[in-house]
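Novice: Below is final.txt; it holds compact mmCIF, C-alpha atoms.
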```txt
# COMPACT_ATOMS: atom_id res chain seq x y z
CA MET A 14 -35.13 12.14 86.67
CA VAL A 15 -34.45 8.76 88.19
CA LEU A 16 -32.60 8.52 91.51
CA VAL A 17 -31.15 5.01 91.75
CA GLY A 18 -30.39 3.26 95.05
CA ILE A 19 -28.62 -0.08 94.77
CA GLY A 20 -28.93 -2.52 97.66
CA THR A 21 -26.51 -5.20 98.81
CA ASP A 22 -28.73 -7.97 97.45
CA ASP A 23 -29.75 -6.41 94.12
CA THR A 24 -29.22 -8.57 91.04
CA THR A 25 -29.51 -8.42 87.25
CA GLN A 26 -33.16 -9.48 87.65
CA ASP A 27 -33.76 -6.31 89.68
CA VAL A 28 -31.99 -4.24 87.00
CA GLU A 29 -34.18 -5.75 84.28
CA TYR A 30 -37.41 -5.14 86.21
CA ILE A 31 -36.58 -1.53 87.09
CA ALA A 32 -35.32 -0.63 83.60
CA LYS A 33 -38.51 -1.91 81.96
CA LYS A 34 -40.72 -0.26 84.55
CA ILE A 35 -39.04 3.15 84.19
CA LEU A 36 -39.48 3.15 80.43
CA THR A 37 -43.08 1.90 80.34
CA MET A 38 -44.79 3.20 83.48
CA ARG A 39 -47.58 5.54 82.41
CA VAL A 40 -46.91 8.74 84.34
CA PHE A 41 -47.32 11.31 81.57
CA ASP A 42 -50.28 12.83 79.72
CA ASP A 43 -51.18 11.46 76.30
CA ASN A 44 -51.65 13.69 73.23
CA ASP A 45 -55.18 14.54 74.40
CA GLY A 46 -53.92 15.71 77.80
CA THR A 47 -55.32 12.73 79.68
CA MET A 48 -53.16 11.95 82.72
CA TRP A 49 -51.51 8.57 83.36
CA LYS A 50 -51.71 7.45 79.73
CA ALA A 51 -48.10 7.59 78.43
CA GLY A 52 -44.66 6.37 79.41
CA VAL A 53 -41.22 7.83 78.66
CA LYS A 54 -40.95 5.85 75.43
CA ASP A 55 -44.43 6.96 74.31
CA ILE A 56 -43.56 10.65 74.57
CA GLY A 57 -39.99 10.34 73.28
CA GLY A 58 -38.66 11.61 76.61
CA GLU A 59 -35.17 11.44 78.06
CA VAL A 60 -34.11 9.70 81.25
CA LEU A 61 -31.64 11.41 83.57
CA SER A 62 -30.34 8.78 85.97
CA VAL A 63 -28.41 9.68 89.13
CA SER A 64 -26.84 7.06 91.39
CA GLN A 65 -27.99 7.82 94.94
CA PHE A 66 -26.76 5.40 97.63
CA THR A 67 -28.45 7.44 100.36
CA LEU A 68 -31.81 6.06 99.21
CA MET A 69 -30.76 2.82 100.87
CA ALA A 70 -30.39 4.44 104.30
CA ASN A 71 -31.98 2.75 107.28
CA THR A 72 -33.30 5.49 109.55
CA THR A 73 -35.22 3.35 112.04
CA LYS A 74 -32.69 3.50 114.89
CA GLY A 75 -30.96 6.51 116.35
CA ASN A 76 -30.35 9.82 114.65
CA LYS A 77 -27.66 8.78 112.18
CA PRO A 78 -28.57 7.06 108.89
CA ASP A 79 -27.20 3.54 108.48
CA PHE A 80 -25.99 2.79 104.94
CA HIS A 81 -25.17 -0.91 105.42
CA GLY A 82 -28.04 -1.77 103.06
CA ALA A 83 -26.31 0.02 100.18
CA MET A 84 -24.07 -2.03 97.92
CA SER A 85 -20.34 -1.22 98.09
CA SER A 86 -19.05 1.41 95.70
CA VAL A 87 -17.06 -1.00 93.51
CA SER A 88 -19.93 -3.50 93.11
CA SER A 89 -22.65 -0.88 92.74
CA ARG A 90 -20.69 0.89 90.00
CA GLU A 91 -20.92 -2.33 87.95
CA VAL A 92 -24.63 -2.81 88.66
CA TYR A 93 -25.32 0.85 87.85
CA SER A 94 -23.43 0.57 84.54
CA THR A 95 -25.46 -2.53 83.70
CA PHE A 96 -28.63 -0.61 84.53
CA LEU A 97 -27.72 2.30 82.22
CA LYS A 98 -26.72 -0.08 79.43
CA ARG A 99 -30.01 -1.97 79.76
CA LEU A 100 -32.03 1.27 79.60
CA GLY A 101 -30.21 2.09 76.35
CA GLU A 102 -30.86 -1.38 74.93
CA LEU A 103 -34.57 -1.13 75.70
CA TYR A 104 -34.91 2.42 74.37
CA GLU A 105 -32.63 4.89 72.59
CA PRO A 106 -29.11 5.13 74.05
CA ALA A 107 -28.86 8.85 73.17
CA LYS A 108 -31.87 9.56 75.40
CA ILE A 109 -30.32 7.95 78.49
CA LYS A 110 -28.24 10.45 80.48
CA ASP A 111 -26.44 10.08 83.78
CA GLY A 112 -24.34 12.00 86.22
CA GLN A 113 -20.86 11.09 87.42
CA PHE A 114 -20.97 7.97 89.59
CA GLY A 115 -19.86 8.60 93.18
CA ALA A 116 -19.27 12.32 92.68
CA MET A 117 -20.66 15.20 94.70
CA MET A 118 -23.07 16.77 92.23
CA SER A 119 -25.46 19.68 92.37
CA VAL A 120 -28.63 18.45 90.68
CA SER A 121 -31.81 20.48 90.21
CA LEU A 122 -35.24 19.00 89.67
CA ALA A 123 -38.26 20.92 88.47
CA ASN A 124 -41.24 18.69 89.20
CA GLU A 125 -44.24 19.16 86.89
CA GLY A 126 -46.97 18.20 89.27
CA PRO A 127 -47.09 16.40 92.56
CA VAL A 128 -45.75 13.07 91.31
CA THR A 129 -42.77 11.31 92.87
CA LEU A 130 -42.83 7.52 92.76
CA GLN A 131 -40.73 4.81 94.33
CA ILE A 132 -40.26 1.79 92.11
CA ASP A 133 -39.15 -1.29 93.98
CA SER A 134 -38.13 -4.50 92.28
CA ARG A 135 -39.05 -6.52 95.35
CA LYS A 136 -42.76 -5.72 95.21
CA PHE A 137 -42.68 -3.60 98.35
CA GLU A 138 -46.16 -3.20 99.73
CA TYR A 139 -47.21 -0.72 102.38
CA VAL A 140 -48.59 -2.54 105.39
CA PRO A 141 -50.37 -0.35 107.92
CA VAL A 142 -49.22 -0.61 111.53
CA GLU A 143 -51.60 -2.75 113.55
CA ASP A 144 -53.90 -1.22 116.13
CA THR A 145 -51.80 -0.56 119.26
CA LYS A 146 -54.37 -2.37 121.43
CA SER A 147 -53.57 -5.68 119.72
CA LYS A 148 -49.75 -5.29 120.04
CA LYS A 149 -49.38 -4.01 123.64
CA GLY A 150 -46.47 -5.34 125.63
CA LYS A 151 -46.51 -5.81 129.42
CA SER A 152 -45.34 -2.23 129.94
CA GLY A 153 -48.34 -0.91 128.02
CA THR A 154 -46.26 0.41 125.14
CA SER A 155 -46.72 -0.65 121.57
CA THR A 156 -44.39 -3.26 120.12
CA PRO A 157 -42.86 -2.03 116.86
CA ALA A 158 -43.62 -4.07 113.78
CA THR A 159 -40.84 -6.35 112.60
CA PRO A 160 -39.27 -5.91 109.15
CA SER A 161 -41.15 -8.98 107.93
CA GLU A 162 -44.42 -7.38 109.03
CA LEU A 163 -43.56 -4.17 107.17
CA GLY A 164 -42.02 -5.72 104.05
CA ALA A 165 -38.45 -5.54 102.78
CA GLN A 166 -37.35 -2.55 100.77
CA GLY A 167 -34.65 -2.72 98.05
CA THR A 168 -34.57 -0.16 95.30
CA VAL A 169 -32.54 -0.34 92.14
```
Spell out the structure here as structure tokens.
Specialist:
Amino acid sequence: MVLVGIGTDDTTQDVEYIAKKILTMRVFDDNDGTMWKAGVKDIGGEVLSVSQFTLMANTTKGNKPDFHGAMSSVSSREVYSTFLKRLGELYEPAKIKDGQFGAMMSVSLANEGPVTLQIDSRKFEYVPVEDTKSKKGKSGTSTPATPSELGAQGTV
């Protein structure tokens, strides 16, 4: 299952990167049972894609998620359609499934193992927060890291 969040600045280059990565990332066992040796295409698997704008939520301020980072419904519908079409072009169209865009859906996921991955077309890299001693303000409290210190996050 692929949950797809589309950001305001996502482009066809992001679609291309994510589509290729989903189909080729080695997250399955090979025929000998060795982990991390096969991708979706290698095992003849299916891809269930679900558009999920809530993945783009900013939860850094307050108690209410901010969805301003998510692309508008009209624009994201087009990008999402392009994404599904590209998956089909790179693989087998009959093996690409999706839900109903923008609908309230009840979706179940049975995870085989402890693997859930975020694939980011912008090369998101985790940057640990600096030691609080080096970032103390005059009040003695830590200064939060800026977005540029943490890295931008945009998921298609």
Novice: So which residues touch A:Leu97 within 12 Å, counting only C-alpha atoms, skipping near sequence neighbours fewer than 3 positions away, as a PyMOL selection string?
Specialist: chain A and resi 15+17+25+28-29+31-33+35-36+60-64+90-94+100-112+114+169
Novice: Find, counting only C-alpha atoms, the residue in A:Glu143, A:Asp79, A:Glu125, A:Asp27 that gets nearest to A:Thr95.
Specialist: A:Asp27
Novice: Any idea what's packed within 6 Å of A:Met69, counting all atoms listed in the file, ignoring anything in its chain fewer than 4 positions away? Could you give it as a ChimeraX atom specification?
Specialist: /A:18,82-83
Novice: Report, in Å to a single decimal, how far apart atom CA of A:Pro127 and atom CA of A:Thr47 are.
Specialist: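 Calculated distance between atom CA of A:Thr47 and atom CA of A:Pro127 is 15.7 Å.
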Novice: Kindly indicate which residue among A:Ser85, A:Met117, A:Thr129, A:Asp55 lies nearest to A:Asp22, using all atoms listed in the file for the distances.
Specialist: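 Between A:Ser85, A:Met117, A:Thr129, A:Asp55, the residue approaching A:Asp22 most closely is A:Ser85.
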Novice: Would you mind listing what lies within 12 Å of A:Arg39 as number ranges by chain, with all atoms listed in the file counted and same-chain residues fewer than 6 positions away left out?
Specialist: A: 33, 47-56, 128, 130
Novice: Would you work out the distance separating atom CA of A:Phe66 from atom CA of A:Ile19, expressed in Å to one decimal?
Specialist: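 Calculated distance between atom CA of A:Phe66 and atom CA of A:Ile19 is 6.5 Å.
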Novice: I need the residue nearest A:Gly126 from this list: A:Tyr30, A:Val40, A:Thr24, A:Thr73. Use all atoms listed in the file for the distance.
Specialist: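 Checking each of A:Tyr30, A:Val40, A:Thr24, A:Thr73 against A:Gly126, counting all atoms listed in the file, the winner is A:Val40.
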